Each structure stands twice: as C-alpha cells, then as structure tokens.
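Heads up, the thing below is written out as structure tokens.
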Amino acid sequence: MFIDQVKMELHGGKGGDGIVAYRRELKVENGGPFGGSGGRGGSIIFVGDEGLSTLLDLKYYKVLKAKEGERGMHKGMTGANAENTYVHVPLGTTVFDDDSGLVIADITKQGQEAVIAKGGRGGRGNMAFATGTIKCPDYSEKGEPGEKRYIRCELKVLADCGLVGFPSVGKSTLISAVSAAKPKIASYHFTTLVPHLGMVRVKDGRSFVMADLPGIIEGAHTGAGLGLQFLRHIERCRVIVHVIDMAGSEGRDPYTDYQIINAELKDYKMNLIKRPQIIVANKMDLPGAKENLEEFKKKVDAPVIAISAIAHENLDELLYKVADLLEVTEEFSLFEDDERENMVVNYTFKPEEPMFKITIDPDGVFNVSGEKLRRIFDMTDFNIESSIARFARQLRSFGVDDELRKMGAKDGDTVRVFEFVFEFID
C-alpha cells in the first residue's frame, strides 16, 4: 500500500530523576551528599532509507514515545542516557510541525538524520546542590520532560523527471515502455492512483529516474481529482515531460489540454512552470494524430517530440532529449520569488517572554502559569518538603509573591500553580 502522508504525536524521552543519597563509609565522617544525577532521555530521530518507498510503517504509529533516562545512583554516579529512537523513512520525506506548519526536516539523502523530538535532560541529584552555605541538601530534581510534538510527514518522490498530463494520455504506457516499471494500464481514467518510479537507461549509457504521476484535471491545484497528490510528487522533478493525446481519442482538443495543464502548474506555484518542459505528442499511431499535430505546432512556440508509446516509436529521441536537459538543469527552489519575500527573517528586538502570568478565576483563585515556569514545576519533586521549599524560593525570586500582592492577594487566599495548590501567606 502506498501511503504518502501521515500525522503522528511524538514524545521525546523524559530525563532520569536525580536522587537524594549520602556518603556512609567506615572512617569517613560527615560524608555529605552523594546522590547522582539522572541520565538524558532518548530523542526521536528520523533517518533517510533508500530501501523504503512509502510511509506505511508510520501510519500505525499514532503516538511514538522515546525511552526515559535512567535515574541517578548512589556514590554520585550519573544514570545511563537512554538510547535514541530511530525511525527510518523513505528519501523525499518532509516533516512539518502540524501546529505551526513550519518545516522541521527535509530528508533527501541516504543515512541523513534529523532530530524531530529532543529528549529531556536528567534531573540533578542532591550532590549537585551542595554549596558553601548548604552543605548537605536533602532534595533533588526530577528529570526534564522530553519535547512533545505533533507532526505531519509528506512523501514527495525523488525523480529526475515526471510525466504529467490528463488521465489516459498514455503516461503509464510510456514509462512501462522505457523502464522496468509495471504500472496498471487500462482504458479508463485514473488507473494510476499512486506514483510509479522507473529507472531509464539511455543507449549512450546515461540513466535517470522517471516518475509516472496520477493524472491531472482542471482545478487540480485546489484539490480536484487527484490533483494535490499529483502536484506534491512533482515538486522535486527537475524536468517535466508533458504528455498529450495528440489523436484526441478522449474527445478533447490537444491544445486546450496543454493550456489547462500549464495553468494548473502555474497556479500550484513551487516554481513548476519555470522548469524545462518537454512536450510529447503521444498516440501518433491513431487516426487524426498527424493532422492535429500540424495544428498544434502552429499554436505552440516550442519543439514537440512525436511518439507512439504503445508501438515504441521514436522513444530514443525522447530519452536523449530528457538526458540532455537533465545534464544542464539544476535543482529548483520550491518557492516563488514573492513567497521567498514572505520567508525572509527580520531580526528585530522582541521583549523576552515573561517567566509567568497570573490570572484570577471567577471563584477568586489566583492562577499562576507560564511555559518557562512549567519546566521548573515539572522538575520539582513535591513529595519532598525541602524540595517544595526550594520551589517556593524560586517563585519568590521570580517576583511571583510581589505580583500577587499587587493583584490584591491576602493571607488565606488560594493560589494555584498548575496542579499545586497552596494558601498565600504574606
């Protein structure tokens, strides 16, 4: 089954918890704190694998979690780091952040690695908190939670040239004639539902990868027919082979077909219309094809290669032309010039995100929240009284107490910091 788009929820591994321990050895007085820190949590890393051709394996991983780091140990020993989780994906996979729509990684090379969800760092043991004034701390940190991400993976096949055109113009017949690819061929529309790749070898020794892509219809750039599926896979092709049914066997006008396809390429953007295009007049063995070709050439100011894919006529000329174009054509940017302007990063001063914010619920409870504060909260062990006292000192140093007073908090008022609830005491 060919799957080219999946959504997943990823969780980087949580860091291991630090521990509270003390040095107790014969003839060692006042040994002091000896609790080690936790190990780092595992990250989720995507790896390019040329042996894969579909995202089918990822379809069944709705939620993927990396391993947690090992907790700290006695004698000041740090826990082991967790192993990273490696996910193999086919070449041509683009990973998007599903919330923001930004590209996280574009995997196009064998063995290329991209960290998609980072693991959290290990929590510090009580040995790490010892200072000149606090010689024997009795608290430690919990491990940092790993990065949580909702992602969307899209597979865009890696091919040098792509066959485009209306359904039933002979694209599948053409690729089966010039390569070992065996797509389904039938006398009805949309027999090609997924892209097919074929390795084409020219008689002079050159070779390239050709893609037979699902047929396109008018309105494809808005999603009509199999439009978006087709257009997504042609984004990486350097040369476009535009196949036209020159015999008009479907009752359509060849020149009108040519205009509609080019309009769809232009409207989809991604610089598709700027790529070198080879116009192929197919089905020249059928009645009326030669007459239509003469009329077509009068309207199009570009060379046209006349072939018959089913009769294997003039295919060598086409393959030489494709190979010649590929030698002089570099990869295209996937964005138009006006789209690039919108992508320019303007480095301007932005005020630092506040550590916390306080809101008052209708029932009078003061709610303290904030992304930075959440990280500190998650790494605090609320089962240890001294650890809670440290968290309270941190809140005070951040200015939470002063802000609560400004907002009218009095003795006995309820304050909620995420899941931790306490009474305010001035």
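Labeling convention for the structure tokens: chains A, B, ... as they appear, residues from 1 per chain, ligands from 1 in order of appearance.
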Near stretch 405-416 of chain A, within 6 Å and counting only C-alpha atoms, which residues show up once chain neighbours fewer than 4 positions away are dropped, as a PDB file with C-alpha atoms, in the first residue's frame?
```
ATOM      1  CA  VAL A 365      -8.371  31.618  42.898  1.00  0.00           C
ATOM      2  CA  PHE A 366      -5.096  33.129  41.668  1.00  0.00           C
ATOM      3  CA  ASN A 367      -3.774  31.065  38.739  1.00  0.00           C
ATOM      4  CA  PHE A 420      -0.067  22.541  43.007  1.00  0.00           C
ATOM      5  CA  VAL A 421      -2.473  24.478  45.255  1.00  0.00           C
ATOM      6  CA  PHE A 422      -1.471  26.411  48.403  1.00  0.00           C
ATOM      7  CA  GLU A 423      -2.591  29.267  50.632  1.00  0.00           C
ATOM      8  CA  PHE A 424      -0.982  32.669  50.237  1.00  0.00           C
ATOM      9  CA  ILE A 425       0.772  33.893  53.392  1.00  0.00           C
ATOM     10  CA  ASP A 426       2.113  37.433  53.386  1.00  0.00           C
TER      11      ASP A 426
END
```
Looking only at strand (DSSP E or B) from DSSP on the backbone, list the matching residues of stretch 47-235 of chain A as number ranges by chain. A: 47-49, 63-65, 85-90, 93-97, 103-107, 113-117, 141, 148-155, 161-164, 196-201, 207-212
Correct to one decimal, the distance atom CA of A:Asp17-atom CA of A:Phe391 is 16.3 Å
As a PyMOL selection string, please: the residues near A:Gly15 (cut-off 12 Å, only C-alpha atoms, same-chain neighbours under 5 positions excluded). chain A and resi 37-43+66-72+78-83+118-124+141-147+378-379
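From atom CA of A:Leu56 back to atom CA of A:Val89, the distance works out to 9.6 Å.
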List the neighbours of stretch 249-257 of chain A out to 8 Å using only C-alpha atoms; skip same-chain residues closer than 6 positions along the sequence, and give me the result as a ChimeraX atom specification. /A:165-166,292,296,299
Residues of the last selection are to be written out with N, CA and C atoms, as a PDB file, in the first residue's frame.
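Dumped to selection.pdb:
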```pdb
ATOM      1  N   GLY A 165       0.099  15.090 -17.387  1.00  0.00           N
ATOM      2  CA  GLY A 165      -0.897  15.125 -18.456  1.00  0.00           C
ATOM      3  C   GLY A 165      -2.244  14.666 -17.942  1.00  0.00           C
ATOM      4  N   PHE A 166      -3.240  14.787 -18.772  1.00  0.00           N
ATOM      5  CA  PHE A 166      -4.588  14.355 -18.427  1.00  0.00           C
ATOM      6  C   PHE A 166      -4.627  12.837 -18.244  1.00  0.00           C
ATOM      7  N   ASN A 292      -3.750  16.778 -36.251  1.00  0.00           N
ATOM      8  CA  ASN A 292      -3.795  17.560 -35.006  1.00  0.00           C
ATOM      9  C   ASN A 292      -2.420  18.100 -34.627  1.00  0.00           C
ATOM     10  N   PHE A 296      -1.337  21.871 -33.863  1.00  0.00           N
ATOM     11  CA  PHE A 296      -0.781  22.128 -32.533  1.00  0.00           C
ATOM     12  C   PHE A 296       0.531  22.913 -32.637  1.00  0.00           C
ATOM     13  N   LYS A 299       0.343  26.657 -32.946  1.00  0.00           N
ATOM     14  CA  LYS A 299      -0.073  27.428 -31.772  1.00  0.00           C
ATOM     15  C   LYS A 299       0.970  27.436 -30.656  1.00  0.00           C
TER      16      LYS A 299
END
```
Could you name the residues that touch A:Glu294 at 12 Å or less, counting only C-alpha atoms, but leaving out those on the same chain fewer than 3 positions away, as a list in words?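 Non-adjacent residues within range: Met246, Ala247, Pro254, Tyr255, Ala281, Met284, Gly288, Ala289, Lys290, Glu291, Lys297, Lys298, Lys299, Val300, Val304 and Ala306 of chain A.
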Rank nothing, just name the residue among A:Ala177, A:Val28, A:Ala21, A:Leu52 nearest to A:Asp4, using only C-alpha atoms.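 Of all the options, A:Leu52 lies closest to A:Asp4.
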Give me the residues near A:Met8 as a list in words, where near means some atom within 6 Å (using only C-alpha atoms) and where sequence neighbours in that chain fewer than 3 positions away do not count. Lys62, Val63, Tyr150 and Ile151 of chain A
Where does DSSP see alpha helix (DSSP H) in stretch 1-195 of chain A, if you list the residues as a count of residues only? 12
What does the structure give for the distance between atom CA of A:Lys65 and atom CA of A:Val87, in Å to one decimal?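 Computing it gives 11.5 Å between the two atoms.
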